[in-house]
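Each remark here refers to the structure printed beneath this line.
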Amino acid sequence: MAATALQSGLLFPGFSGHAMEKAISSTSSFISYAGEGDEDSSDDGNTSFPSTSGSPPPSPTRMTRASKLIIKEDKERDRRGVATFHLKTWEEQTWFERALHMGVADAAVYEKKPNVDRGPIKVHSPWRENFWILPRSLLAPALQQISLWVFPEYKWPVVLSYLVYLFSFFWFMTMSVQRLNHFALHYGTFDEKNYGRDRPVDRNVYDLFWLNVAFLTGRTVVDFVMNWNQHEVPIESFHWTFPIRLFLYLVLLDYLFYVWHRSTHHIETLWSLHASHHGTKHPSPLLSIDAISVTAEIVEFLVIPFMLAAVIPMTFHELYVAIAYTAYTEAAGHSGIRAVFAAPVTGPILSPFGLEITVEDHDLHHRYGKAGMNFGKQTMIFDWMFGTRQPREESPDSLYPNGIQTAPMDPFWTWLPGFGGAQEEKPKAE
């Protein structure tokens with residue numbers, strides 16, 4: 001991920017690989033992928049971690065860089081292509097491979113586990129994620145606020161502000177991917193008896209790196225273009241109505257994305273642009289935007305965010321936090337974490353109605369390819385309304401407890417020529 005460019009030395013080419021290796025090793029004790037302050041981040045004894053080599057199972061609270069490098073080469077190749085860059089030494093890897101490597105999970109996450117019984121699926125509190133996300137999303141505003149306290153007459157120019165907020169966002173997403181990788185190891189992953197999670201393949205490393213750069217840069221550009229105010233004081237810019245507007249922002253985002261996403265599955269021309277993203281049927285966070293087209297980049301990174309910023313009023317700092325929440329939920333949807341892992345903002349509000357989105361919802365969407373349903377990314381409101389809500393297979397489903405899907409309504413645009421109506425039958429895996 002682009003965020004790891006800073007951490008891996010990409011931005012400091014004079015910093016030797018050996019020196020960077022020592023720096024990463026020395027800071028490994030500082031970084032806990034379960035997040036500081038999480039009381040239940042340790043193994044509770046009910047989760048088993050298979051080991052194909054006969055060695056002790058990995059610790060669920062810590063994944064060191066060495067555990068990702070020093071592993072035997074996979075006997076069963078990634079079905080999407082060769083995936084071996086994670087096996088190279090630091091000196092053998094390119095700068096792009098080093099950057100993405102920080103988002104690679106422990107080897108056990110990518111292995112199928114036909115003989116592992118993890119027991120009942122665990123419930124992961126969305127409030128736990130809120131307590132983790134919020135302070136980290138406020139890193140850049142906090143730095144700006146401290147600067148104003150120390151140098152009250154100095155207002156950050158737009159270039160300095162953009163660099164601070166951009167690299168803070170890079171850091172936030174890097175830590176988010178690592179956190180989600182930790183939970184995939186701790187809880188296990190959906191459908192792991194048949195398949196492990198998909199790795200980033202070697203031939204896509206270069207493109208995946210730049211896609212992440214485009215994603216993180218594009219999302220922050222929207223905030224600066226729409227809301228940048230040099231005189232805005234961070235600590236004074238958050239209004240008490242922000243949680244309400246954040247919820248509305250995510251619901252409207254979900255509708256706009258639903259329309260676009262469903263269109264890419266029903267209109268053949270758009271499907272030809274979206275199909276490559278569905279090359280992964282068991283994605284991992286690092287593959288959240290793998291192989292998407294230039295058209296999708298423009299729509300998802302710029303058009304939809306600009307529309308949202310124009311409709312839902314937010315200050316510069318409020319929108320920055322909203323963007324961080326959005327990106328975290330999108331990455332979580334591609335993690336495959338085997339738990340009731342709901343979206344942190346919309347989940348607690350919509351759970352009583354059975355309309356919350358969980359990790360399994362988007363995981364099923366990928367597993368069934370073009371026939372997949374569950375087109376939302378922040379809620380299940382519009383999938384339920386328009387008859388594209390697919391019952392869950394492994395986790396509890398209060399909306400469809402018997403696995404029976406209903407379709408209350410269907411939007412008029414699904415009947416346009418070349419679009420097709422709602423899918424009434426459960427899709428079949430491709």
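Chain labels follow the order of the structure tokens: the first chain is A, the next B, and so on; residue numbering restarts at 1 in every chain, and ligands are counted from 1 in their shown order.
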Problem set entry | Contact residues around Leu211 (chain A) with only C-alpha atoms at 10 Å, ignoring same-chain residues under 4 positions, as a PyMOL selection string | chain A and resi 1-2+205-207+215-217+289-294+297
Dump N, CA, C and O atoms for the selected residues as a PDB file, in the first residue's frame?
ATOM      1  N   MET A   1       0.848  -1.191   0.000  1.00  0.00           N
ATOM      2  CA  MET A   1       0.000   0.000   0.000  1.00  0.00           C
ATOM      3  C   MET A   1       0.877   1.231   0.000  1.00  0.00           C
ATOM      4  O   MET A   1       1.984   1.258   0.527  1.00  0.00           O
ATOM      5  N   ALA A   2       0.328   2.299  -0.608  1.00  0.00           N
ATOM      6  CA  ALA A   2       1.125   3.502  -0.741  1.00  0.00           C
ATOM      7  C   ALA A   2       1.565   4.036   0.596  1.00  0.00           C
ATOM      8  O   ALA A   2       2.625   4.635   0.731  1.00  0.00           O
ATOM      9  N   VAL A 205       1.856  -6.219  -8.751  1.00  0.00           N
ATOM     10  CA  VAL A 205       2.454  -5.411  -7.687  1.00  0.00           C
ATOM     11  C   VAL A 205       2.565  -3.947  -8.089  1.00  0.00           C
ATOM     12  O   VAL A 205       2.160  -3.044  -7.340  1.00  0.00           O
ATOM     13  N   TYR A 206       3.123  -3.683  -9.267  1.00  0.00           N
ATOM     14  CA  TYR A 206       3.323  -2.305  -9.721  1.00  0.00           C
ATOM     15  C   TYR A 206       1.995  -1.570  -9.820  1.00  0.00           C
ATOM     16  O   TYR A 206       1.845  -0.455  -9.299  1.00  0.00           O
ATOM     17  N   ASP A 207       1.010  -2.194 -10.495  1.00  0.00           N
ATOM     18  CA  ASP A 207      -0.289  -1.548 -10.670  1.00  0.00           C
ATOM     19  C   ASP A 207      -1.011  -1.357  -9.338  1.00  0.00           C
ATOM     20  O   ASP A 207      -1.647  -0.322  -9.112  1.00  0.00           O
ATOM     21  N   PHE A 215      -5.898   6.114  -4.970  1.00  0.00           N
ATOM     22  CA  PHE A 215      -7.020   6.097  -4.039  1.00  0.00           C
ATOM     23  C   PHE A 215      -6.816   7.089  -2.892  1.00  0.00           C
ATOM     24  O   PHE A 215      -7.662   7.940  -2.610  1.00  0.00           O
ATOM     25  N   LEU A 216      -5.685   6.979  -2.226  1.00  0.00           N
ATOM     26  CA  LEU A 216      -5.439   7.811  -1.053  1.00  0.00           C
ATOM     27  C   LEU A 216      -5.251   9.273  -1.435  1.00  0.00           C
ATOM     28  O   LEU A 216      -5.708  10.176  -0.718  1.00  0.00           O
ATOM     29  N   THR A 217      -4.611   9.518  -2.563  1.00  0.00           N
ATOM     30  CA  THR A 217      -4.423  10.892  -3.021  1.00  0.00           C
ATOM     31  C   THR A 217      -5.748  11.503  -3.456  1.00  0.00           C
ATOM     32  O   THR A 217      -6.070  12.647  -3.108  1.00  0.00           O
ATOM     33  N   ILE A 289      -8.723  -2.629  -3.722  1.00  0.00           N
ATOM     34  CA  ILE A 289      -8.900  -1.930  -4.996  1.00  0.00           C
ATOM     35  C   ILE A 289      -8.036  -2.567  -6.078  1.00  0.00           C
ATOM     36  O   ILE A 289      -7.638  -1.911  -7.044  1.00  0.00           O
ATOM     37  N   ASP A 290      -7.758  -3.847  -5.944  1.00  0.00           N
ATOM     38  CA  ASP A 290      -6.936  -4.550  -6.925  1.00  0.00           C
ATOM     39  C   ASP A 290      -7.626  -4.613  -8.277  1.00  0.00           C
ATOM     40  O   ASP A 290      -8.811  -4.947  -8.375  1.00  0.00           O
ATOM     41  N   ALA A 291      -6.887  -4.286  -9.328  1.00  0.00           N
ATOM     42  CA  ALA A 291      -7.313  -4.485 -10.717  1.00  0.00           C
ATOM     43  C   ALA A 291      -8.578  -3.732 -11.109  1.00  0.00           C
ATOM     44  O   ALA A 291      -9.319  -4.172 -11.976  1.00  0.00           O
ATOM     45  N   ILE A 292      -8.853  -2.595 -10.487  1.00  0.00           N
ATOM     46  CA  ILE A 292     -10.001  -1.824 -10.933  1.00  0.00           C
ATOM     47  C   ILE A 292      -9.580  -0.943 -12.108  1.00  0.00           C
ATOM     48  O   ILE A 292      -8.416  -0.606 -12.273  1.00  0.00           O
ATOM     49  N   SER A 293     -10.545  -0.580 -12.940  1.00  0.00           N
ATOM     50  CA  SER A 293     -10.260   0.154 -14.179  1.00  0.00           C
ATOM     51  C   SER A 293     -10.092   1.643 -13.913  1.00  0.00           C
ATOM     52  O   SER A 293     -10.440   2.156 -12.840  1.00  0.00           O
ATOM     53  N   VAL A 294      -9.586   2.351 -14.925  1.00  0.00           N
ATOM     54  CA  VAL A 294      -9.439   3.802 -14.821  1.00  0.00           C
ATOM     55  C   VAL A 294     -10.810   4.455 -14.636  1.00  0.00           C
ATOM     56  O   VAL A 294     -10.972   5.401 -13.862  1.00  0.00           O
ATOM     57  N   GLU A 297     -11.798   4.085 -11.123  1.00  0.00           N
ATOM     58  CA  GLU A 297     -11.003   5.010 -10.306  1.00  0.00           C
ATOM     59  C   GLU A 297     -11.640   6.391 -10.289  1.00  0.00           C
ATOM     60  O   GLU A 297     -11.799   7.017  -9.228  1.00  0.00           O
TER      61      GLU A 297
END
Problem set entry | Atom-to-atom span, CA of Pro120 (chain A) and CA of Gly188 (chain A), Å |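 Spanning CA of Pro120 (chain A) to CA of Gly188 (chain A) is a straight-line distance of 11.6 Å.
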Please provide as a PDB file with all heavy atoms, in the first residue's frame all residues within 7 Å of Ala184 (chain A), with the sequence filter that same-chain residues fewer than 2 positions apart are discarded (counting only C-alpha atoms).
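Okay, this is what ended up in around_12.pdb:
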ATOM      1  N   VAL A 109      -3.013 -17.044   7.139  1.00  0.00           N
ATOM      2  CA  VAL A 109      -4.234 -16.443   6.612  1.00  0.00           C
ATOM      3  C   VAL A 109      -4.502 -16.899   5.181  1.00  0.00           C
ATOM      4  O   VAL A 109      -5.654 -17.012   4.750  1.00  0.00           O
ATOM      5  CB  VAL A 109      -4.148 -14.898   6.669  1.00  0.00           C
ATOM      6  CG1 VAL A 109      -5.337 -14.236   5.981  1.00  0.00           C
ATOM      7  CG2 VAL A 109      -4.047 -14.437   8.116  1.00  0.00           C
ATOM      8  N   LEU A 180      -6.587  -5.346  10.423  1.00  0.00           N
ATOM      9  CA  LEU A 180      -7.532  -6.298   9.832  1.00  0.00           C
ATOM     10  C   LEU A 180      -6.857  -7.632   9.567  1.00  0.00           C
ATOM     11  O   LEU A 180      -7.473  -8.701   9.738  1.00  0.00           O
ATOM     12  CB  LEU A 180      -8.119  -5.712   8.552  1.00  0.00           C
ATOM     13  CG  LEU A 180      -9.013  -4.472   8.754  1.00  0.00           C
ATOM     14  CD1 LEU A 180      -9.304  -3.793   7.420  1.00  0.00           C
ATOM     15  CD2 LEU A 180     -10.309  -4.838   9.462  1.00  0.00           C
ATOM     16  N   ASN A 181      -5.591  -7.616   9.167  1.00  0.00           N
ATOM     17  CA  ASN A 181      -4.844  -8.862   8.980  1.00  0.00           C
ATOM     18  C   ASN A 181      -4.719  -9.619  10.299  1.00  0.00           C
ATOM     19  O   ASN A 181      -4.796 -10.854  10.338  1.00  0.00           O
ATOM     20  CB  ASN A 181      -3.450  -8.564   8.425  1.00  0.00           C
ATOM     21  CG  ASN A 181      -3.467  -8.202   6.957  1.00  0.00           C
ATOM     22  OD1 ASN A 181      -4.419  -8.523   6.233  1.00  0.00           O
ATOM     23  ND2 ASN A 181      -2.422  -7.535   6.492  1.00  0.00           N
ATOM     24  N   HIS A 182      -4.519  -8.874  11.370  1.00  0.00           N
ATOM     25  CA  HIS A 182      -4.443  -9.511  12.694  1.00  0.00           C
ATOM     26  C   HIS A 182      -5.745 -10.248  13.017  1.00  0.00           C
ATOM     27  O   HIS A 182      -5.731 -11.390  13.480  1.00  0.00           O
ATOM     28  CB  HIS A 182      -4.159  -8.470  13.775  1.00  0.00           C
ATOM     29  CG  HIS A 182      -4.636  -8.902  15.136  1.00  0.00           C
ATOM     30  ND1 HIS A 182      -3.995  -9.864  15.872  1.00  0.00           N
ATOM     31  CD2 HIS A 182      -5.727  -8.530  15.864  1.00  0.00           C
ATOM     32  CE1 HIS A 182      -4.654 -10.066  17.005  1.00  0.00           C
ATOM     33  NE2 HIS A 182      -5.705  -9.264  17.027  1.00  0.00           N
ATOM     34  N   HIS A 186      -6.629 -14.073  13.896  1.00  0.00           N
ATOM     35  CA  HIS A 186      -7.184 -14.374  15.216  1.00  0.00           C
ATOM     36  C   HIS A 186      -8.533 -15.099  15.134  1.00  0.00           C
ATOM     37  O   HIS A 186      -8.756 -16.101  15.814  1.00  0.00           O
ATOM     38  CB  HIS A 186      -7.341 -13.067  15.995  1.00  0.00           C
ATOM     39  CG  HIS A 186      -7.936 -13.240  17.360  1.00  0.00           C
ATOM     40  ND1 HIS A 186      -7.372 -14.045  18.318  1.00  0.00           N
ATOM     41  CD2 HIS A 186      -9.046 -12.695  17.932  1.00  0.00           C
ATOM     42  CE1 HIS A 186      -8.105 -14.005  19.422  1.00  0.00           C
ATOM     43  NE2 HIS A 186      -9.127 -13.189  19.219  1.00  0.00           N
ATOM     44  N   TYR A 187      -9.433 -14.597  14.292  1.00  0.00           N
ATOM     45  CA  TYR A 187     -10.773 -15.187  14.180  1.00  0.00           C
ATOM     46  C   TYR A 187     -10.865 -16.257  13.102  1.00  0.00           C
ATOM     47  O   TYR A 187     -11.824 -17.041  13.094  1.00  0.00           O
ATOM     48  CB  TYR A 187     -11.793 -14.092  13.837  1.00  0.00           C
ATOM     49  CG  TYR A 187     -12.079 -13.104  14.942  1.00  0.00           C
ATOM     50  CD1 TYR A 187     -11.882 -11.740  14.730  1.00  0.00           C
ATOM     51  CD2 TYR A 187     -12.558 -13.513  16.181  1.00  0.00           C
ATOM     52  CE1 TYR A 187     -12.160 -10.810  15.729  1.00  0.00           C
ATOM     53  CE2 TYR A 187     -12.829 -12.600  17.182  1.00  0.00           C
ATOM     54  CZ  TYR A 187     -12.631 -11.247  16.953  1.00  0.00           C
ATOM     55  OH  TYR A 187     -12.913 -10.338  17.949  1.00  0.00           O
ATOM     56  N   GLY A 188      -9.915 -16.291  12.166  1.00  0.00           N
ATOM     57  CA  GLY A 188     -10.062 -17.114  10.990  1.00  0.00           C
ATOM     58  C   GLY A 188     -10.784 -16.336   9.893  1.00  0.00           C
ATOM     59  O   GLY A 188     -11.148 -15.166  10.080  1.00  0.00           O
ATOM     60  N   THR A 189     -11.019 -16.988   8.757  1.00  0.00           N
ATOM     61  CA  THR A 189     -11.662 -16.313   7.633  1.00  0.00           C
ATOM     62  C   THR A 189     -12.809 -17.159   7.083  1.00  0.00           C
ATOM     63  O   THR A 189     -12.826 -18.390   7.244  1.00  0.00           O
ATOM     64  CB  THR A 189     -10.651 -16.032   6.503  1.00  0.00           C
ATOM     65  OG1 THR A 189     -10.019 -17.256   6.097  1.00  0.00           O
ATOM     66  CG2 THR A 189      -9.585 -15.045   6.961  1.00  0.00           C
ATOM     67  N   SER A 335     -11.634  -8.138   3.959  1.00  0.00           N
ATOM     68  CA  SER A 335     -10.732  -8.856   4.858  1.00  0.00           C
ATOM     69  C   SER A 335     -11.103 -10.321   5.053  1.00  0.00           C
ATOM     70  O   SER A 335     -10.251 -11.135   5.404  1.00  0.00           O
ATOM     71  CB  SER A 335     -10.700  -8.162   6.219  1.00  0.00           C
ATOM     72  OG  SER A 335     -11.973  -8.257   6.858  1.00  0.00           O
ATOM     73  N   GLY A 336     -12.381 -10.667   4.876  1.00  0.00           N
ATOM     74  CA  GLY A 336     -12.817 -12.049   5.078  1.00  0.00           C
ATOM     75  C   GLY A 336     -12.836 -12.489   6.528  1.00  0.00           C
ATOM     76  O   GLY A 336     -12.937 -13.688   6.808  1.00  0.00           O
ATOM     77  N   ILE A 337     -12.735 -11.575   7.469  1.00  0.00           N
ATOM     78  CA  ILE A 337     -12.669 -11.929   8.891  1.00  0.00           C
ATOM     79  C   ILE A 337     -13.903 -12.724   9.301  1.00  0.00           C
ATOM     80  O   ILE A 337     -15.027 -12.263   9.143  1.00  0.00           O
ATOM     81  CB  ILE A 337     -12.540 -10.666   9.757  1.00  0.00           C
ATOM     82  CG1 ILE A 337     -11.236  -9.933   9.443  1.00  0.00           C
ATOM     83  CG2 ILE A 337     -12.622 -11.012  11.240  1.00  0.00           C
ATOM     84  CD1 ILE A 337     -11.160  -8.542  10.051  1.00  0.00           C
TER      85      ILE A 337
END
Problem set entry | Those in region 191-352 of chain A with alpha helix (DSSP H) from DSSP, as a PyMOL selection string | chain A and resi 205-227+242-266+268-274+294-297+304-311+316-333+346-350
Please tabulate, as a Markdown table, the residues of region 256-336 of chain A that come within 8 Å of region 130-146 of chain A, each with its closest pair of atoms and the distance in Å to one decimal, counting only C-alpha atoms and ordering rows by chain, then residue number upward.
| residue | atom | partner | partner_atom | distance |
| --- | --- | --- | --- | --- |
| A:His317 | CA | A:Pro141 | CA | 6.8 |
| A:Tyr320 | CA | A:Ser137 | CA | 7.9 |
| A:Val321 | CA | A:Ser137 | CA | 5.7 |
| A:Ala324 | CA | A:Ser137 | CA | 6.1 |
| A:Tyr325 | CA | A:Ile133 | CA | 7.2 |
Exercise. Residues at most 6 Å from region 342-350 of chain A, counting only C-alpha atoms, excluding those fewer than 2 positions away in the same chain, as a ChimeraX atom specification?
Worked result: /A:126,130,329,352-353,355-358
Seminar exercise, completed: Trp156 (chain A) proximity check over A:Asp361, A:Asp223, A:Gln230, A:Glu111, using only C-alpha atoms: winner is A:Gln230
Problem set entry | Residues near His261 (chain A), cut-off 12 Å, only C-alpha atoms, skip fewer than 5 positions along chain, as a ChimeraX atom specification | /A:253-256,266-267,270-271,273-275,277,296,299-300,304,362,365,370,372-377,382-383,388
Problem set entry | Separation of CA of Gly279 (chain A) from CA of Leu302 (chain A), in Å and rounded to one decimal |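 These two atoms are separated by 23.9 Å.
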Within 6 Å of Phe341 (chain A), counting only C-alpha atoms, which residues qualify if same-chain residues fewer than 2 places away don't, as a PDB file with C-alpha atoms, in the first residue's frame?
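The file below, selection.pdb, is the result:
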ATOM      1  CA  HIS A 124     -16.777  -8.313  17.277  1.00  0.00           C
ATOM      2  CA  ALA A 339     -16.775 -12.805  12.786  1.00  0.00           C
ATOM      3  CA  THR A 358     -20.857  -7.135   7.954  1.00  0.00           C
ATOM      4  CA  VAL A 359     -17.659  -8.541   6.494  1.00  0.00           C
TER       5      VAL A 359
END
For this session: Between A:Pro243, A:Leu319, A:Pro200, A:Ser272, single out the one closest to Gly81 (chain A), counting only C-alpha atoms.
Result: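 Comparing A:Pro243, A:Leu319, A:Pro200, A:Ser272 against Gly81 (chain A), the winner is A:Pro200.
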